[in-house]
Every structure is written in structure tokens, then in C-alpha cells.
Amino acid sequence: MPTHVFKPTRNPPSWWDRLLVHPLDMTVAVVAVLFGALVVLSLFVPEFIPSKSMDKMPWPIVILVSGFLGTGGILSLTGLNWWGDNVSTGWAVEQFGWWFTAGGFATYALSVSWHYPGSLFSWGVPLALGIGSLIRAISIIMIERSVRATLKEVEEHNHG
């Protein structure tokens, strides 16, 4: 499958290279940050209602959704664009972000489906984004396990 993803030629890769490697991950993380920021704005500007569905939700749910999405999106973007030497830290930050993002989208989807069950797009798309975020979090676990196994194999081969 390695031939199915863009392989940057620059080292370190540029922001554009990273976007080409993770186009949908980056997009979903940015959407999460934007949703979180818009909801926070609506808490301070009562006339601003970014979502009629969110307007029907109790404020603790609104804060929960906003916190999960905003924080999750920021952490996911930080991990996706990690520049540090310790790649495991970048993966951990990104993975933590995706758990939050999944929780935010799922909470939003459940709340919207409660108020507007017939509006499938309104809750189905966030639910799908939440599931995608969850899958990305799980894929990071699998990536890290694979890399650790490869490193162990190389180390055993060099010292064996």
C-alpha cells in the first residue's frame, strides 16, 4: 500500500507535503477547530447561532462539543505537523487529538439526531467524521506497533 500515498521528496517535509500525505485528516482537523471556534464564539455572542441544532442543545453539551472539537482538532493538527525529533510524541499528540475529535463529532451527531432524527445529513455527516477520527486514532496505534516491530527486528539483526 505504500504506493497509494504521496511520498515527499523534501526532508523535512513542507506543510504542503504534509497536506498531500494527509489531505482528509488535515481537512477534518481544520473543520473540528473551526466548529469548536464558532461554537465558542456563539457562547459569547448570543445573537450568533452557527447551528440551529446546537441552539437547541443544553449549554453543557454545547461546551462539551466545542471543547472536544476545538481541542481535538488542534492536537490532531499539531501531531500531523509534528517537527520534533521524537516521532512517538507526535503520534501520541495526534492520537489524543483524534480521540477528542471523535468524541466531539459523535456527541454533536447524537445530540442532533435526538432533536432532528429525520435530518440524516445533519447528524450523519458528523457521525461519519467521528467514526473516521476514531479510525485514524486506531491507525496510529497500528502504525506505531508496526514501526516498533520493524525497529526491534533491525536491532536484533544488527546485534544477533
# chains A, B, ... in the order shown; residues from 1 in each chain; ligands from 1
$ residues_around --residues "Leu129 of chain A" --least-positions-apart "4" --cutoff "7 Å" --atoms "only C-alpha atoms" --output "compact mmCIF listing (two decimals) with all heavy atoms, in the first residue's frame"
# COMPACT_ATOMS: atom_id res chain seq x y z
N PHE A 105 -17.39 15.03 17.49
CA PHE A 105 -18.29 14.79 16.37
C PHE A 105 -19.41 13.82 16.76
O PHE A 105 -20.57 14.01 16.37
CB PHE A 105 -17.53 14.26 15.14
CG PHE A 105 -16.85 15.32 14.34
CD1 PHE A 105 -15.50 15.22 14.04
CD2 PHE A 105 -17.53 16.43 13.85
CE1 PHE A 105 -14.85 16.18 13.29
CE2 PHE A 105 -16.89 17.40 13.11
CZ PHE A 105 -15.54 17.28 12.81
N VAL A 125 -23.35 13.13 8.68
CA VAL A 125 -22.00 13.58 8.29
C VAL A 125 -21.10 13.72 9.52
O VAL A 125 -19.99 13.19 9.52
CB VAL A 125 -22.06 14.88 7.46
CG1 VAL A 125 -20.67 15.47 7.25
CG2 VAL A 125 -22.73 14.62 6.11
N SER A 133 -12.47 9.80 12.52
CA SER A 133 -11.49 10.24 13.52
C SER A 133 -11.08 9.09 14.42
O SER A 133 -9.90 8.93 14.76
CB SER A 133 -12.08 11.38 14.37
OG SER A 133 -12.38 12.50 13.57
$ closest_atom_pairs --of "segment 100-140 of chain A" --to "segment 75-94 of chain A" --cutoff "12 Å" --atoms "only C-alpha atoms" --output "JSON lines"
{"residue": "A:Phe100", "atom": "CA", "partner": "A:Leu75", "partner_atom": "CA", "distance": 8.7}
{"residue": "A:Thr101", "atom": "CA", "partner": "A:Ser76", "partner_atom": "CA", "distance": 8.1}
{"residue": "A:Ala102", "atom": "CA", "partner": "A:Ser76", "partner_atom": "CA", "distance": 10.9}
{"residue": "A:Ser133", "atom": "CA", "partner": "A:Ser76", "partner_atom": "CA", "distance": 9.5}
{"residue": "A:Leu134", "atom": "CA", "partner": "A:Glu94", "partner_atom": "CA", "distance": 11.6}
{"residue": "A:Arg136", "atom": "CA", "partner": "A:Glu94", "partner_atom": "CA", "distance": 9.2}
{"residue": "A:Ala137", "atom": "CA", "partner": "A:Glu94", "partner_atom": "CA", "distance": 7.7}
{"residue": "A:Ile138", "atom": "CA", "partner": "A:Glu94", "partner_atom": "CA", "distance": 11.0}
{"residue": "A:Ser139", "atom": "CA", "partner": "A:Trp91", "partner_atom": "CA", "distance": 10.3}
{"residue": "A:Ile140", "atom": "CA", "partner": "A:Trp91", "partner_atom": "CA", "distance": 6.6}
$ closest_residue --among "A:Gly132, A:Ile143, A:Pro58, A:Leu43" --to "Leu24 of chain A" --atoms "only C-alpha atoms"
A:Gly132
$ atom_distance --atom1 "atom CA of Met54 of chain A" --atom2 "atom CA of Ser42 of chain A"
9.7 Å
$ decode --residues "segment 108-151 of chain A" --atoms "N, CA and C atoms" --output "mmCIF file, in the first residue's frame"
data_model
loop_
_atom_site.group_PDB
_atom_site.id
_atom_site.type_symbol
_atom_site.label_atom_id
_atom_site.label_comp_id
_atom_site.auth_asym_id
_atom_site.auth_seq_id
_atom_site.Cartn_x
_atom_site.Cartn_y
_atom_site.Cartn_z
ATOM 1 N N TYR A 108 -21.932 15.615 19.004
ATOM 2 C CA TYR A 108 -22.739 16.503 18.165
ATOM 3 C C TYR A 108 -23.763 15.692 17.370
ATOM 4 N N ALA A 109 -23.317 14.610 16.740
ATOM 5 C CA ALA A 109 -24.210 13.783 15.924
ATOM 6 C C ALA A 109 -25.352 13.204 16.763
ATOM 7 N N LEU A 110 -25.030 12.704 17.945
ATOM 8 C CA LEU A 110 -26.070 12.142 18.810
ATOM 9 C C LEU A 110 -27.066 13.200 19.255
ATOM 10 N N SER A 111 -26.558 14.366 19.572
ATOM 11 C CA SER A 111 -27.443 15.442 20.011
ATOM 12 C C SER A 111 -28.347 15.919 18.873
ATOM 13 N N VAL A 112 -27.786 16.068 17.691
ATOM 14 C CA VAL A 112 -28.592 16.493 16.540
ATOM 15 C C VAL A 112 -29.621 15.416 16.203
ATOM 16 N N SER A 113 -29.208 14.160 16.234
ATOM 17 C CA SER A 113 -30.149 13.084 15.900
ATOM 18 C C SER A 113 -31.291 13.010 16.912
ATOM 19 N N TRP A 114 -31.008 13.419 18.138
ATOM 20 C CA TRP A 114 -32.043 13.439 19.173
ATOM 21 C C TRP A 114 -33.110 14.489 18.850
ATOM 22 N N HIS A 115 -32.662 15.676 18.422
ATOM 23 C CA HIS A 115 -33.581 16.783 18.140
ATOM 24 C C HIS A 115 -34.168 16.726 16.734
ATOM 25 N N TYR A 116 -33.377 16.235 15.780
ATOM 26 C CA TYR A 116 -33.807 16.196 14.383
ATOM 27 C C TYR A 116 -33.506 14.818 13.779
ATOM 28 N N PRO A 117 -34.196 13.782 14.229
ATOM 29 C CA PRO A 117 -33.857 12.428 13.743
ATOM 30 C C PRO A 117 -34.025 12.261 12.229
ATOM 31 N N GLY A 118 -34.911 13.027 11.638
ATOM 32 C CA GLY A 118 -35.135 12.898 10.197
ATOM 33 C C GLY A 118 -34.125 13.631 9.346
ATOM 34 N N SER A 119 -33.260 14.412 9.948
ATOM 35 C CA SER A 119 -32.268 15.183 9.207
ATOM 36 C C SER A 119 -30.966 14.377 9.119
ATOM 37 N N LEU A 120 -31.001 13.357 8.270
ATOM 38 C CA LEU A 120 -29.887 12.400 8.193
ATOM 39 C C LEU A 120 -28.547 13.045 7.868
ATOM 40 N N PHE A 121 -28.530 14.011 6.966
ATOM 41 C CA PHE A 121 -27.261 14.652 6.628
ATOM 42 C C PHE A 121 -26.718 15.429 7.813
ATOM 43 N N SER A 122 -27.595 16.067 8.568
ATOM 44 C CA SER A 122 -27.170 16.922 9.680
ATOM 45 C C SER A 122 -26.490 16.147 10.800
ATOM 46 N N TRP A 123 -26.880 14.924 11.010
ATOM 47 C CA TRP A 123 -26.207 14.134 12.042
ATOM 48 C C TRP A 123 -25.364 13.017 11.445
ATOM 49 N N GLY A 124 -25.681 12.613 10.211
ATOM 50 C CA GLY A 124 -24.920 11.525 9.587
ATOM 51 C C GLY A 124 -23.505 11.918 9.207
ATOM 52 N N VAL A 125 -23.346 13.129 8.675
ATOM 53 C CA VAL A 125 -22.003 13.576 8.289
ATOM 54 C C VAL A 125 -21.103 13.720 9.523
ATOM 55 N N PRO A 126 -21.556 14.393 10.602
ATOM 56 C CA PRO A 126 -20.691 14.445 11.787
ATOM 57 C C PRO A 126 -20.411 13.060 12.378
ATOM 58 N N LEU A 127 -21.390 12.166 12.326
ATOM 59 C CA LEU A 127 -21.158 10.814 12.821
ATOM 60 C C LEU A 127 -20.071 10.127 11.991
ATOM 61 N N ALA A 128 -20.136 10.295 10.671
ATOM 62 C CA ALA A 128 -19.111 9.712 9.796
ATOM 63 C C ALA A 128 -17.739 10.327 10.089
ATOM 64 N N LEU A 129 -17.692 11.631 10.324
ATOM 65 C CA LEU A 129 -16.422 12.281 10.663
ATOM 66 C C LEU A 129 -15.893 11.764 12.001
ATOM 67 N N GLY A 130 -16.800 11.519 12.935
ATOM 68 C CA GLY A 130 -16.399 10.955 14.224
ATOM 69 C C GLY A 130 -15.840 9.550 14.069
ATOM 70 N N ILE A 131 -16.500 8.744 13.251
ATOM 71 C CA ILE A 131 -16.017 7.387 13.003
ATOM 72 C C ILE A 131 -14.664 7.429 12.298
ATOM 73 N N GLY A 132 -14.527 8.331 11.318
ATOM 74 C CA GLY A 132 -13.242 8.487 10.631
ATOM 75 C C GLY A 132 -12.137 8.910 11.587
ATOM 76 N N SER A 133 -12.467 9.796 12.520
ATOM 77 C CA SER A 133 -11.491 10.240 13.521
ATOM 78 C C SER A 133 -11.076 9.086 14.422
ATOM 79 N N LEU A 134 -12.036 8.275 14.797
ATOM 80 C CA LEU A 134 -11.764 7.089 15.611
ATOM 81 C C LEU A 134 -10.857 6.116 14.854
ATOM 82 N N ILE A 135 -11.150 5.907 13.590
ATOM 83 C CA ILE A 135 -10.334 5.002 12.772
ATOM 84 C C ILE A 135 -8.903 5.523 12.660
ATOM 85 N N ARG A 136 -8.754 6.850 12.497
ATOM 86 C CA ARG A 136 -7.403 7.425 12.421
ATOM 87 C C ARG A 136 -6.650 7.204 13.737
ATOM 88 N N ALA A 137 -7.334 7.376 14.863
ATOM 89 C CA ALA A 137 -6.688 7.145 16.168
ATOM 90 C C ALA A 137 -6.205 5.698 16.270
ATOM 91 N N ILE A 138 -7.035 4.775 15.825
ATOM 92 C CA ILE A 138 -6.656 3.355 15.861
ATOM 93 C C ILE A 138 -5.517 3.078 14.882
ATOM 94 N N SER A 139 -5.551 3.738 13.720
ATOM 95 C CA SER A 139 -4.484 3.505 12.735
ATOM 96 C C SER A 139 -3.130 3.969 13.263
ATOM 97 N N ILE A 140 -3.128 5.020 14.081
ATOM 98 C CA ILE A 140 -1.861 5.485 14.659
ATOM 99 C C ILE A 140 -1.281 4.418 15.587
ATOM 100 N N ILE A 141 -2.142 3.748 16.335
ATOM 101 C CA ILE A 141 -1.684 2.639 17.188
ATOM 102 C C ILE A 141 -1.037 1.570 16.319
ATOM 103 N N MET A 142 -1.681 1.239 15.208
ATOM 104 C CA MET A 142 -1.165 0.197 14.319
ATOM 105 C C MET A 142 0.153 0.631 13.654
ATOM 106 N N ILE A 143 0.237 1.898 13.263
ATOM 107 C CA ILE A 143 1.468 2.418 12.657
ATOM 108 C C ILE A 143 2.617 2.313 13.654
ATOM 109 N N GLU A 144 2.368 2.746 14.877
ATOM 110 C CA GLU A 144 3.420 2.731 15.892
ATOM 111 C C GLU A 144 3.865 1.298 16.203
ATOM 112 N N ARG A 145 2.921 0.388 16.314
ATOM 113 C CA ARG A 145 3.271 -1.021 16.563
ATOM 114 C C ARG A 145 4.127 -1.574 15.436
ATOM 115 N N SER A 146 3.754 -1.257 14.202
ATOM 116 C CA SER A 146 4.493 -1.744 13.045
ATOM 117 C C SER A 146 5.918 -1.198 13.031
ATOM 118 N N VAL A 147 6.058 0.091 13.302
ATOM 119 C CA VAL A 147 7.386 0.706 13.318
ATOM 120 C C VAL A 147 8.236 0.111 14.438
ATOM 121 N N ARG A 148 7.646 -0.071 15.627
ATOM 122 C CA ARG A 148 8.390 -0.656 16.746
ATOM 123 C C ARG A 148 8.835 -2.086 16.418
ATOM 124 N N ALA A 149 7.966 -2.857 15.774
ATOM 125 C CA ALA A 149 8.327 -4.232 15.407
ATOM 126 C C ALA A 149 9.467 -4.234 14.391
ATOM 127 N N THR A 150 9.414 -3.326 13.424
ATOM 128 C CA THR A 150 10.476 -3.232 12.424
ATOM 129 C C THR A 150 11.793 -2.827 13.080
ATOM 130 N N LEU A 151 11.729 -1.835 13.982
ATOM 131 C CA LEU A 151 12.942 -1.404 14.681
ATOM 132 C C LEU A 151 13.536 -2.526 15.520
#
